[in-house]
>>> print(open('query_19.txt').read())   # compact mmCIF, C-alpha atoms and all ligand atoms
# COMPACT_ATOMS: atom_id res chain seq x y z
CA MET C 245 21.86 112.38 132.06
CA ALA C 246 24.65 109.84 132.09
CA GLY C 247 25.13 108.30 135.51
CA SER C 248 21.76 109.39 136.83
CA HIS C 249 19.01 106.95 137.63
CA HIS C 250 16.58 108.88 135.53
CA ILE C 251 15.89 107.80 132.03
CA SER C 252 14.94 110.43 129.52
CA ARG C 253 11.46 110.36 128.05
CA ARG C 254 13.00 109.66 124.65
CA ASP C 255 15.00 106.67 125.84
CA PHE C 256 11.99 105.39 127.72
CA VAL C 257 9.89 105.47 124.57
CA LYS C 258 12.65 103.83 122.55
CA LEU C 259 13.13 101.13 125.13
CA THR C 260 9.42 100.42 125.49
CA THR C 261 8.97 100.30 121.74
CA ALA C 262 11.89 97.92 121.34
CA ALA C 263 10.68 95.70 124.18
CA LEU C 264 7.05 95.56 123.05
CA GLY C 265 8.16 95.13 119.45
CA SER C 266 10.35 92.18 120.37
CA ILE C 267 7.58 90.57 122.39
CA MET C 268 5.06 90.96 119.59
CA GLY C 269 7.60 89.77 117.03
CA ALA C 270 8.30 86.69 119.11
CA VAL C 271 4.61 85.94 119.74
CA ILE C 272 3.98 85.83 116.00
CA GLY C 273 7.41 84.85 114.73
CA LEU C 274 8.08 81.77 116.84
CA PRO C 275 4.70 80.10 116.23
CA ALA C 276 5.12 81.03 112.56
CA ILE C 277 8.21 78.83 112.34
CA GLY C 278 6.27 75.88 113.74
CA TYR C 279 3.39 76.69 111.43
CA LEU C 280 5.58 76.67 108.33
CA ILE C 281 7.64 73.56 109.05
CA ASP C 282 4.72 71.57 110.51
CA PRO C 283 4.11 69.26 107.52
CA ALA C 284 7.74 68.16 107.62
CA LEU C 285 7.38 67.18 111.27
CA LYS C 286 4.21 65.15 110.85
CA ALA C 287 4.97 61.66 112.04
CA SER C 288 5.10 59.43 109.03
CA GLY C 289 5.68 55.71 109.33
CA LYS C 290 2.14 54.45 109.72
CA ASP C 291 2.39 50.71 109.36
CA ALA C 292 0.18 47.85 108.27
CA TRP C 293 0.37 44.16 107.43
CA ILE C 294 -0.39 43.79 103.73
CA PRO C 295 -1.58 40.38 102.49
CA LEU C 296 0.31 39.35 99.36
CA GLY C 297 -1.60 36.15 98.66
CA PRO C 298 -1.47 32.43 99.59
CA LEU C 299 2.14 31.29 99.59
CA GLU C 300 1.29 28.00 97.89
CA LYS C 301 0.15 29.87 94.78
CA PHE C 302 3.65 31.25 94.18
CA GLU C 303 6.12 29.28 92.09
CA ALA C 304 9.34 28.58 93.94
CA GLY C 305 12.37 30.54 92.76
CA LYS C 306 10.44 32.65 90.30
CA PRO C 307 9.75 36.32 91.14
CA ALA C 308 6.09 37.26 90.95
CA LEU C 309 4.98 40.88 90.94
CA VAL C 310 2.31 41.77 93.52
CA THR C 311 0.84 45.26 93.59
CA PHE C 312 -1.15 46.97 96.30
CA THR C 313 -2.32 50.50 97.01
CA ARG C 314 -2.17 52.58 100.14
CA SER C 315 -4.12 55.78 100.65
CA LYS C 316 -2.56 58.67 102.46
CA ILE C 317 -4.00 61.96 103.65
CA ASN C 318 -1.85 64.99 102.92
CA GLY C 319 -3.40 68.02 104.55
CA TRP C 320 -6.90 68.12 103.12
CA GLU C 321 -6.29 65.80 100.23
CA LYS C 322 -6.33 62.02 100.00
CA THR C 323 -3.92 60.43 97.57
CA VAL C 324 -3.69 56.80 96.65
CA ASN C 325 -0.22 55.45 95.99
CA SER C 326 0.43 52.12 94.39
CA TYR C 327 3.34 49.91 95.31
CA GLY C 328 4.82 46.83 93.71
CA VAL C 329 6.90 44.05 95.22
CA PHE C 330 8.40 40.88 93.85
CA VAL C 331 7.72 37.76 95.86
CA ILE C 332 10.38 35.06 95.50
CA LYS C 333 9.21 31.91 97.19
CA LYS C 334 12.08 30.05 98.84
CA SER C 335 10.23 27.13 100.45
CA ASP C 336 6.73 26.25 101.58
CA SER C 337 7.07 28.54 104.58
CA GLU C 338 9.64 31.07 103.45
CA ALA C 339 9.87 33.84 100.92
CA LEU C 340 11.95 36.86 100.03
CA VAL C 341 10.16 40.02 99.02
CA LEU C 342 11.87 42.78 97.01
CA SER C 343 10.64 46.26 96.33
CA ASN C 344 10.33 46.95 92.60
CA LYS C 345 11.65 50.48 93.10
CA CYS C 346 15.05 50.97 91.51
CA THR C 347 17.58 52.16 94.06
CA HIS C 348 19.05 54.56 91.53
CA LEU C 349 16.25 57.08 90.86
CA SER C 350 13.09 55.19 91.74
CA CYS C 351 11.90 53.88 88.38
CA ARG C 352 10.08 50.52 88.57
CA VAL C 353 12.11 47.48 87.57
CA ASN C 354 10.78 44.50 85.56
CA TRP C 355 11.72 40.86 85.84
CA LEU C 356 13.07 39.46 82.57
CA GLU C 357 12.67 35.70 82.71
CA GLU C 358 15.07 34.92 79.84
CA ARG C 359 17.91 36.98 81.35
CA GLN C 360 17.03 36.06 84.95
CA GLU C 361 17.50 39.70 85.87
CA TYR C 362 15.46 42.67 86.96
CA ILE C 363 15.99 45.44 84.42
CA CYS C 364 15.34 49.10 85.06
CA PRO C 365 13.87 50.88 82.03
CA CYS C 366 15.37 54.22 82.97
CA HIS C 367 19.16 53.80 82.98
CA ASP C 368 19.57 50.12 82.27
CA ALA C 369 20.31 48.93 85.76
CA ALA C 370 20.37 45.16 86.18
CA PHE C 371 19.66 43.34 89.45
CA GLY C 372 19.99 39.65 90.17
CA LEU C 373 17.24 37.32 91.42
CA ASN C 374 17.77 38.32 95.07
CA GLY C 375 18.17 42.01 94.32
CA GLU C 376 21.95 42.28 94.08
CA VAL C 377 23.34 44.88 91.65
CA LEU C 378 24.70 43.33 88.48
CA GLY C 379 25.25 46.46 86.45
CA GLY C 380 24.30 50.04 85.89
CA PRO C 381 24.23 53.02 88.24
CA PRO C 382 22.29 51.83 91.34
CA PRO C 383 24.21 52.41 94.58
CA ARG C 384 22.73 49.45 96.49
CA PRO C 385 20.67 46.29 96.02
CA LEU C 386 16.88 46.41 95.76
CA ASP C 387 15.19 47.04 99.11
CA ARG C 388 14.20 43.76 100.67
CA TYR C 389 11.62 42.52 103.13
CA GLU C 390 12.63 39.46 105.13
CA GLY C 391 12.58 37.97 108.60
CA GLU C 392 10.50 40.16 110.91
CA GLN C 393 9.02 42.09 108.04
CA LEU C 394 7.24 39.05 106.68
CA LYS C 395 4.89 36.53 108.19
CA VAL C 396 2.82 33.62 106.99
CA GLU C 397 -0.57 33.25 108.60
CA GLU C 398 -2.99 30.49 107.58
CA GLY C 399 -0.99 30.03 104.43
CA THR C 400 -1.12 33.69 103.41
CA LEU C 401 2.04 35.73 103.08
CA TYR C 402 1.97 39.14 104.74
CA LEU C 403 4.37 42.04 104.39
CA HIS C 404 4.94 44.59 107.12
CA PHE C 405 4.62 47.88 105.29
CA VAL C 406 5.85 51.13 106.84
CA GLU C 407 4.86 54.33 105.10
CA GLY C 408 7.82 56.45 104.05
CA MET X 188 32.55 98.28 113.44
CA TRP X 189 28.77 98.64 113.38
CA GLN X 190 29.16 102.39 113.58
CA LYS X 191 31.37 102.29 110.52
CA ILE X 192 28.85 100.21 108.59
CA TYR X 193 26.08 102.50 109.71
CA ALA X 194 28.04 105.61 108.70
CA TRP X 195 28.76 104.08 105.30
CA LEU X 196 25.09 103.26 104.73
CA ASP X 197 23.92 106.59 106.12
CA GLU X 198 26.17 108.50 103.74
CA ARG X 199 24.52 106.80 100.80
CA LEU X 200 20.97 106.25 102.01
CA GLY X 201 20.53 109.34 104.14
CA LEU X 202 19.24 107.25 107.05
CA ASN X 203 19.58 110.09 109.56
CA ASP X 204 17.58 112.48 107.39
CA LEU X 205 14.99 109.79 106.93
CA TYR X 206 14.81 109.23 110.67
CA LYS X 207 14.47 112.96 111.34
CA ALA X 208 11.74 113.36 108.73
CA THR X 209 9.68 110.38 109.81
CA LEU X 210 10.20 109.62 113.48
CA ASP X 211 11.78 112.79 114.80
CA ARG X 212 9.47 115.33 113.22
CA PRO X 213 7.93 117.99 115.44
CA GLU X 214 4.44 117.15 116.72
CA PRO X 215 1.84 119.36 118.32
CA LYS X 216 0.74 118.30 121.78
CA GLY X 217 -1.60 115.42 121.13
CA ASN X 218 -3.12 112.53 123.00
CA TRP X 219 -3.93 108.87 122.55
CA TRP X 220 -6.46 109.62 119.83
CA ASN X 221 -3.52 110.61 117.62
CA THR X 222 -2.18 107.06 117.75
CA LEU X 223 -5.12 105.52 115.87
CA GLY X 224 -3.61 106.10 112.43
CA SER X 225 -0.47 104.27 113.49
CA ALA X 226 -2.65 101.58 115.04
CA SER X 227 -4.40 101.20 111.66
CA LEU X 228 -1.02 100.89 109.97
CA PHE X 229 0.09 98.28 112.50
CA LEU X 230 -3.08 96.26 111.93
CA PHE X 231 -2.65 96.52 108.16
CA ILE X 232 0.85 95.04 108.46
CA LEU X 233 -0.31 92.40 110.96
CA GLN X 234 -3.12 91.35 108.61
CA GLY X 235 -0.62 91.23 105.77
CA VAL X 236 1.78 88.99 107.67
CA THR X 237 -0.84 86.58 109.03
CA GLY X 238 -2.60 86.58 105.65
CA ILE X 239 0.59 85.52 103.91
CA PHE X 240 0.95 82.69 106.41
CA LEU X 241 -2.64 81.58 105.82
CA SER X 242 -2.03 81.47 102.07
CA VAL X 243 0.59 78.77 102.67
CA TYR X 244 -2.24 76.26 103.29
CA TYR X 245 -5.43 77.91 102.08
CA THR X 246 -6.73 76.77 98.68
CA PRO X 247 -9.20 79.05 96.84
CA SER X 248 -11.30 76.40 95.15
CA PRO X 249 -14.80 75.25 96.15
CA ASP X 250 -13.52 71.68 96.48
CA HIS X 251 -10.80 72.52 98.93
CA ALA X 252 -11.41 75.93 100.53
CA TYR X 253 -13.41 74.61 103.47
CA ASP X 254 -11.22 71.55 103.99
CA SER X 255 -8.03 73.57 103.81
CA ILE X 256 -9.34 75.94 106.50
CA THR X 257 -10.37 73.00 108.66
CA TYR X 258 -6.86 71.69 108.19
CA ILE X 259 -5.34 75.03 109.22
CA MET X 260 -7.47 75.01 112.38
CA ASN X 261 -6.98 71.38 113.39
CA GLY X 262 -4.03 69.99 111.48
CA VAL X 263 -1.27 72.59 111.43
CA ALA X 264 0.73 73.70 114.46
CA PHE X 265 -0.42 77.20 115.49
CA GLY X 266 -2.83 77.34 112.56
CA TRP X 267 -5.56 78.38 115.01
CA LEU X 268 -3.33 81.27 116.12
CA MET X 269 -2.61 82.54 112.61
CA ARG X 270 -6.24 82.33 111.59
CA GLY X 271 -7.41 83.70 114.92
CA ILE X 272 -5.23 86.79 114.65
CA HIS X 273 -6.27 87.35 111.05
CA HIS X 274 -9.96 86.82 111.86
CA TRP X 275 -10.14 89.09 114.91
CA GLY X 276 -7.64 91.53 113.47
CA ALA X 277 -9.97 92.10 110.54
CA SER X 278 -12.84 93.23 112.74
CA LEU X 279 -10.50 95.25 114.95
CA MET X 280 -9.03 96.98 111.91
CA VAL X 281 -12.45 98.08 110.67
CA ILE X 282 -13.19 99.54 114.11
CA VAL X 283 -9.80 101.22 114.53
CA VAL X 284 -9.81 102.75 111.04
CA PHE X 285 -13.35 104.00 111.61
CA VAL X 286 -12.54 105.56 114.99
CA HIS X 287 -9.41 107.11 113.43
CA MET X 288 -11.69 108.75 110.88
CA LEU X 289 -14.04 109.92 113.64
CA ARG X 290 -11.21 111.56 115.55
CA VAL X 291 -10.00 113.31 112.36
CA PHE X 292 -13.57 114.51 111.87
CA VAL X 293 -14.07 115.65 115.45
CA THR X 294 -10.80 117.58 115.55
CA ALA X 295 -11.64 119.01 112.09
CA SER X 296 -8.24 117.87 110.81
CA TYR X 297 -9.65 117.30 107.33
CA LYS X 298 -9.52 121.05 106.60
CA TYR X 299 -7.00 122.82 104.38
CA PRO X 300 -4.31 121.69 103.61
CA ARG X 301 -5.33 118.14 104.56
CA GLU X 302 -8.34 117.57 102.31
CA LEU X 303 -6.40 115.16 100.13
CA THR X 304 -5.27 113.23 103.21
CA TRP X 305 -8.96 112.88 104.09
CA MET X 306 -10.01 111.84 100.59
CA ILE X 307 -7.33 109.18 100.45
CA GLY X 308 -8.52 108.14 103.89
CA VAL X 309 -12.01 107.61 102.49
CA GLY X 310 -10.48 105.32 99.87
CA LEU X 311 -8.66 103.45 102.64
CA LEU X 312 -11.85 103.02 104.66
CA LEU X 313 -13.71 101.63 101.65
CA LEU X 314 -10.83 99.28 100.87
CA THR X 315 -10.71 98.14 104.50
CA LEU X 316 -14.41 97.29 104.28
CA GLY X 317 -13.78 95.62 100.91
CA MET X 318 -11.13 93.46 102.52
CA GLY X 319 -13.65 92.39 105.13
CA PHE X 320 -16.27 91.62 102.49
CA THR X 321 -13.98 89.61 100.21
CA GLY X 322 -12.25 87.81 103.08
CA TYR X 323 -15.54 86.69 104.57
CA LEU X 324 -16.31 84.49 101.56
CA LEU X 325 -13.00 82.63 101.57
CA PRO X 326 -13.86 79.87 104.13
CA TRP X 327 -16.68 78.85 101.75
CA ASN X 328 -18.96 77.70 104.54
CA GLN X 329 -22.69 78.32 104.77
CA LYS X 330 -22.36 81.67 106.50
CA ALA X 331 -19.81 82.88 103.97
CA TYR X 332 -21.83 81.68 101.01
CA TRP X 333 -25.08 83.31 102.08
CA ALA X 334 -23.48 86.50 103.33
CA THR X 335 -21.91 86.96 99.90
CA THR X 336 -25.16 86.04 98.17
CA VAL X 337 -26.88 88.76 100.16
CA GLY X 338 -24.05 91.27 99.82
CA THR X 339 -23.80 90.94 96.06
CA SER X 340 -27.62 91.10 95.79
CA ILE X 341 -27.53 94.42 97.61
CA ALA X 342 -25.09 95.69 94.99
CA GLY X 343 -27.67 94.43 92.49
CA THR X 344 -30.25 96.95 93.69
CA VAL X 345 -28.32 99.89 92.23
CA PRO X 346 -30.64 101.53 89.64
CA TRP X 347 -30.03 100.68 85.99
CA ILE X 348 -26.63 99.02 86.26
CA GLY X 349 -27.27 96.96 89.42
CA ALA X 350 -27.77 93.67 87.63
CA PHE X 351 -24.53 94.20 85.76
CA ILE X 352 -22.54 95.05 88.91
CA GLU X 353 -23.93 91.92 90.54
CA ARG X 354 -22.77 89.75 87.63
CA VAL X 355 -19.33 91.36 87.69
CA LEU X 356 -18.95 90.79 91.43
CA ARG X 357 -20.10 87.19 91.17
CA GLY X 358 -18.32 86.45 87.93
CA GLY X 359 -21.62 85.12 86.58
CA ALA X 360 -25.26 84.79 87.50
CA GLU X 361 -24.75 82.97 90.74
CA LEU X 362 -21.98 82.26 93.25
CA SER X 363 -19.51 79.77 91.87
CA ALA X 364 -15.85 78.84 91.70
CA LEU X 365 -15.40 82.05 89.71
CA THR X 366 -16.76 84.13 92.59
CA LEU X 367 -14.41 82.48 95.05
CA SER X 368 -11.31 82.94 92.93
CA ARG X 369 -12.02 86.56 92.06
CA PHE X 370 -12.76 87.39 95.70
CA PHE X 371 -9.51 85.69 96.58
CA ALA X 372 -7.56 87.73 94.01
CA ALA X 373 -9.17 90.92 95.27
CA HIS X 374 -8.50 89.97 98.87
CA ILE X 375 -4.84 89.06 98.59
CA TRP X 376 -3.62 91.10 95.58
CA ILE X 377 -5.78 93.89 94.28
CA PHE X 378 -7.04 95.51 97.48
CA PRO X 379 -3.83 95.15 99.50
CA ALA X 380 -1.78 96.59 96.63
CA ALA X 381 -4.18 99.52 96.32
CA MET X 382 -4.08 100.04 100.08
CA ALA X 383 -0.30 99.93 100.24
CA GLY X 384 -0.13 102.62 97.57
CA LEU X 385 -2.74 104.82 99.23
CA ILE X 386 -1.18 104.38 102.66
CA GLY X 387 2.12 105.52 101.16
CA VAL X 388 0.59 108.74 99.88
CA HIS X 389 -1.42 109.17 103.12
CA LEU X 390 1.78 108.96 105.17
CA TYR X 391 3.69 111.21 102.80
CA LEU X 392 1.02 113.88 103.21
CA ILE X 393 1.03 113.53 106.98
CA ILE X 394 4.80 114.01 107.07
CA LYS X 395 4.60 116.88 104.62
CA HIS X 396 1.92 118.81 106.49
CA GLY X 397 2.66 117.63 109.99
CA GLU X 398 -0.07 116.63 112.41
CA SER X 399 -2.80 119.18 112.91
CA GLU X 400 -3.00 121.07 116.18
CA PHE X 401 -6.00 120.20 118.33
CA PRO X 402 -8.62 122.93 118.02
CA GLY X 403 -8.61 125.24 121.06
CA LYS X 404 -11.48 127.03 122.83
CA ASP X 405 -11.40 129.90 120.33
CA ASP X 406 -11.66 127.80 117.18
C1 LIG C 501 -5.89 101.71 106.40
C2 LIG C 501 -6.39 102.81 106.90
C3 LIG C 501 -5.61 104.01 107.42
C4 LIG C 501 -4.30 104.11 107.80
C5 LIG C 501 -3.24 103.01 107.83
C6 LIG C 501 -4.08 105.49 108.21
C7 LIG C 501 -2.88 105.98 108.73
C8 LIG C 501 -2.74 107.26 109.27
C9 LIG C 501 -1.66 107.70 110.12
C10 LIG C 501 -0.46 106.82 110.55
C11 LIG C 501 -1.88 109.01 110.46
C12 LIG C 501 -1.04 109.91 111.40
C13 LIG C 501 -1.39 109.64 112.86
C14 LIG C 501 -2.83 110.01 113.20
O1 LIG C 501 -3.22 111.17 113.01
O2 LIG C 501 -3.55 109.12 113.67
C15 LIG C 501 -3.09 109.43 109.78
C16 LIG C 501 -3.63 110.71 109.81
C17 LIG C 501 -4.77 111.11 109.07
N1 LIG C 501 -5.69 110.25 108.50
FE1 LIG C 501 -5.47 108.27 108.27
N2 LIG C 501 -5.24 106.20 108.03
C18 LIG C 501 -6.20 105.36 107.53
C19 LIG C 501 -7.53 105.68 107.26
C20 LIG C 501 -8.04 106.99 107.23
C21 LIG C 501 -9.43 107.34 107.00
C22 LIG C 501 -10.55 106.30 106.79
C23 LIG C 501 -9.50 108.71 107.02
C24 LIG C 501 -10.70 109.61 106.78
C25 LIG C 501 -11.63 109.37 105.89
C26 LIG C 501 -8.17 109.22 107.27
C27 LIG C 501 -7.82 110.56 107.33
C28 LIG C 501 -6.68 111.06 107.92
C29 LIG C 501 -6.34 112.46 108.09
C30 LIG C 501 -7.14 113.67 107.56
C31 LIG C 501 -5.15 112.51 108.83
C32 LIG C 501 -4.37 113.76 109.29
C33 LIG C 501 -4.73 113.98 110.74
C34 LIG C 501 -4.01 115.18 111.32
O3 LIG C 501 -3.15 115.76 110.65
O4 LIG C 501 -4.33 115.49 112.46
N3 LIG C 501 -7.31 108.15 107.41
N4 LIG C 501 -3.61 108.33 109.08
S1 LIG C 502 16.31 54.77 87.89
FE1 LIG C 502 16.80 52.73 87.58
S2 LIG C 502 18.68 52.89 86.59
FE2 LIG C 502 18.23 54.97 86.95
>>> encode(input="query_19.txt", output="structure tokens", more="lines below")
Ligand code: HEM
Ligand code: FES
Amino acid sequence: MAGSHHISRRDFVKLTTAALGSIMGAVIGLPAIGYLIDPALKASGKDAWIPLGPLEKFEAGKPALVTFTRSKINGWEKTVNSYGVFVIKKSDSEALVLSNKCTHLSCRVNWLEERQEYICPCHDAAFGLNGEVLGGPPPRPLDRYEGEQLKVEEGTLYLHFVEG
Amino acid sequence: MWQKIYAWLDERLGLNDLYKATLDRPEPKGNWWNTLGSASLFLFILQGVTGIFLSVYYTPSPDHAYDSITYIMNGVAFGWLMRGIHHWGASLMVIVVFVHMLRVFVTASYKYPRELTWMIGVGLLLLTLGMGFTGYLLPWNQKAYWATTVGTSIAGTVPWIGAFIERVLRGGAELSALTLSRFFAAHIWIFPAAMAGLIGVHLYLIIKHGESEFPGKDD
């Protein structure tokens, strides 16, 4: 039947099956991709101003650990995560805030007063007072909050927290 | 290039023979009623695919079953579509399988040599209903809970062993987390596996015997 305008019954059935099959496959398959990757696309980055306490209560030049919790809803479950930051008061109106999360593999660092260093318990990283790397494996200084990310309102220090 | 690959595969897998035996086999003159078995098969596969997608988010525990379904409906992209297809497909499948059986009955296709095809079909019908029964509980809402309470109580009315059957179905005296998880296991593993096996034999027999001719005026 080559060259004729007629299509054989067989080819018609094949063609219709292929066409309908593709349509049905697409109607299920394409939404399925969205369905499966949806959690990864959920906008994260909810933000909030977290009060860290009255600035006057902090001792200048000495890191103080402040912890707070944030709750987050994952699907149908609510989890509460706790976070820790070191507040280093610089003046009566200024402070530097460092995350206590080691930039190597996320262990929590501790301030050792006698060494004047933050020490990571996991692989012995050492960070200086302002977060700079002094030794060990971390690739970058401790994450810091400064400038726009901090504010002092009625004497209380606030941190602008963005969920990761 | 593709022809070469195909020829290579065909030589080893016998694709052409397979095609001839399954899709190119001779058929008596039939009509649309003959498509209902294939429609059942299509729905079985569709339910399987959408069911697998639902299991990505569904959680079979009394604490989370209802919330996870609410999340599928309102929180996940196209969750409503996946659940919708699975939900309506379930009812449609019961109807289609049942009408398929009716047509086989009306055309008397269950007769020799197809009795075994029929008997396996009975197993498939029961399993299809079982899928509906076990699936209905999974959302763990009021309707599901009470429907299963009633359904398992009905099983409890069997003489002598009824009370025992009821306890086995419920995994205890009343509906609990154990009921939900065993219904879940039956719904996603035990029944589908049994159905896949039976469908395989069903199809083998259909290919072996060929479709039955429609009875004529003289039959
Ligand atoms: C999941 C359920 C089922 C599937 C997937 C299925 C699939 C099929 C398919 C694809 C065919 C060939 C096409 C056709 O005749 O429609 C067929 C034929 C047949 N089915 Fe089923 N079926 C199912 C349930 C049943 C039930 C419930 C019965 C009866 C109790 C049954 C009895 C038969 C018989 C006897 C034939 C041969 C018909 C003939 O040769 O004319 N099947 N089935
Ligand atoms: S995690 Fe802190 S040093 Fe490895």
>>> closest_residue(input="query_19.txt", among="X:Tyr258, X:Trp327, X:Trp275, X:Trp347", to="Leu230 in chain X", atoms="only C-alpha atoms")
X:Trp275
>>> residues_near_ligand(input="query_19.txt", ligand="ligand LIG 501 (chain C)", cutoff="8 Å", atoms="only C-alpha atoms and all ligand atoms", output="ChimeraX atom specification")
/X:220-231,280,284-285,287-289,291-292,294,296-298,301-315,382,386,389-390,393,396-401
>>> residues_around(input="query_19.txt", residues="Ser363 in chain X", least_positions_apart="6", cutoff="12 Å", atoms="only C-alpha atoms", output="number ranges by chain")
X: 247-250, 324, 327, 332, 335-336, 354, 356-357, 369-370
>>> interface_residues(input="query_19.txt", of="chain C", to="chain X", cutoff="12 Å", atoms="all atoms listed in the file", output="list in words")
Arg254, Val257, Lys258, Gly265, Met268, Gly269, Val271, Ile272, Gly273, Leu274, Pro275, Ala276, Ile277, Gly278, Tyr279, Leu280, Ile281, Asp282, Pro283, Ala284, Leu285, Lys286, Ile317, Asn318, Gly319, Trp320, Glu321 and Lys322 of chain C
>>> residues_near_ligand(input="query_19.txt", ligand="ligand LIG 502 (chain C)", cutoff="7 Å", atoms="only C-alpha atoms and all ligand atoms", output="VMD selection string")
chain C and resid 346 to 351 364 to 369 380 to 382
>>> atom_distance(input="query_19.txt", atom1="CA of Glu398 in chain C", atom2="CA of Asn325 in chain C")
27.7 Å
>>> closest_residue(input="query_19.txt", among="C:Ala263, C:Ala339, C:Ala308, C:Ala292", to="Glu357 in chain C", atoms="all atoms listed in the file")
C:Ala308
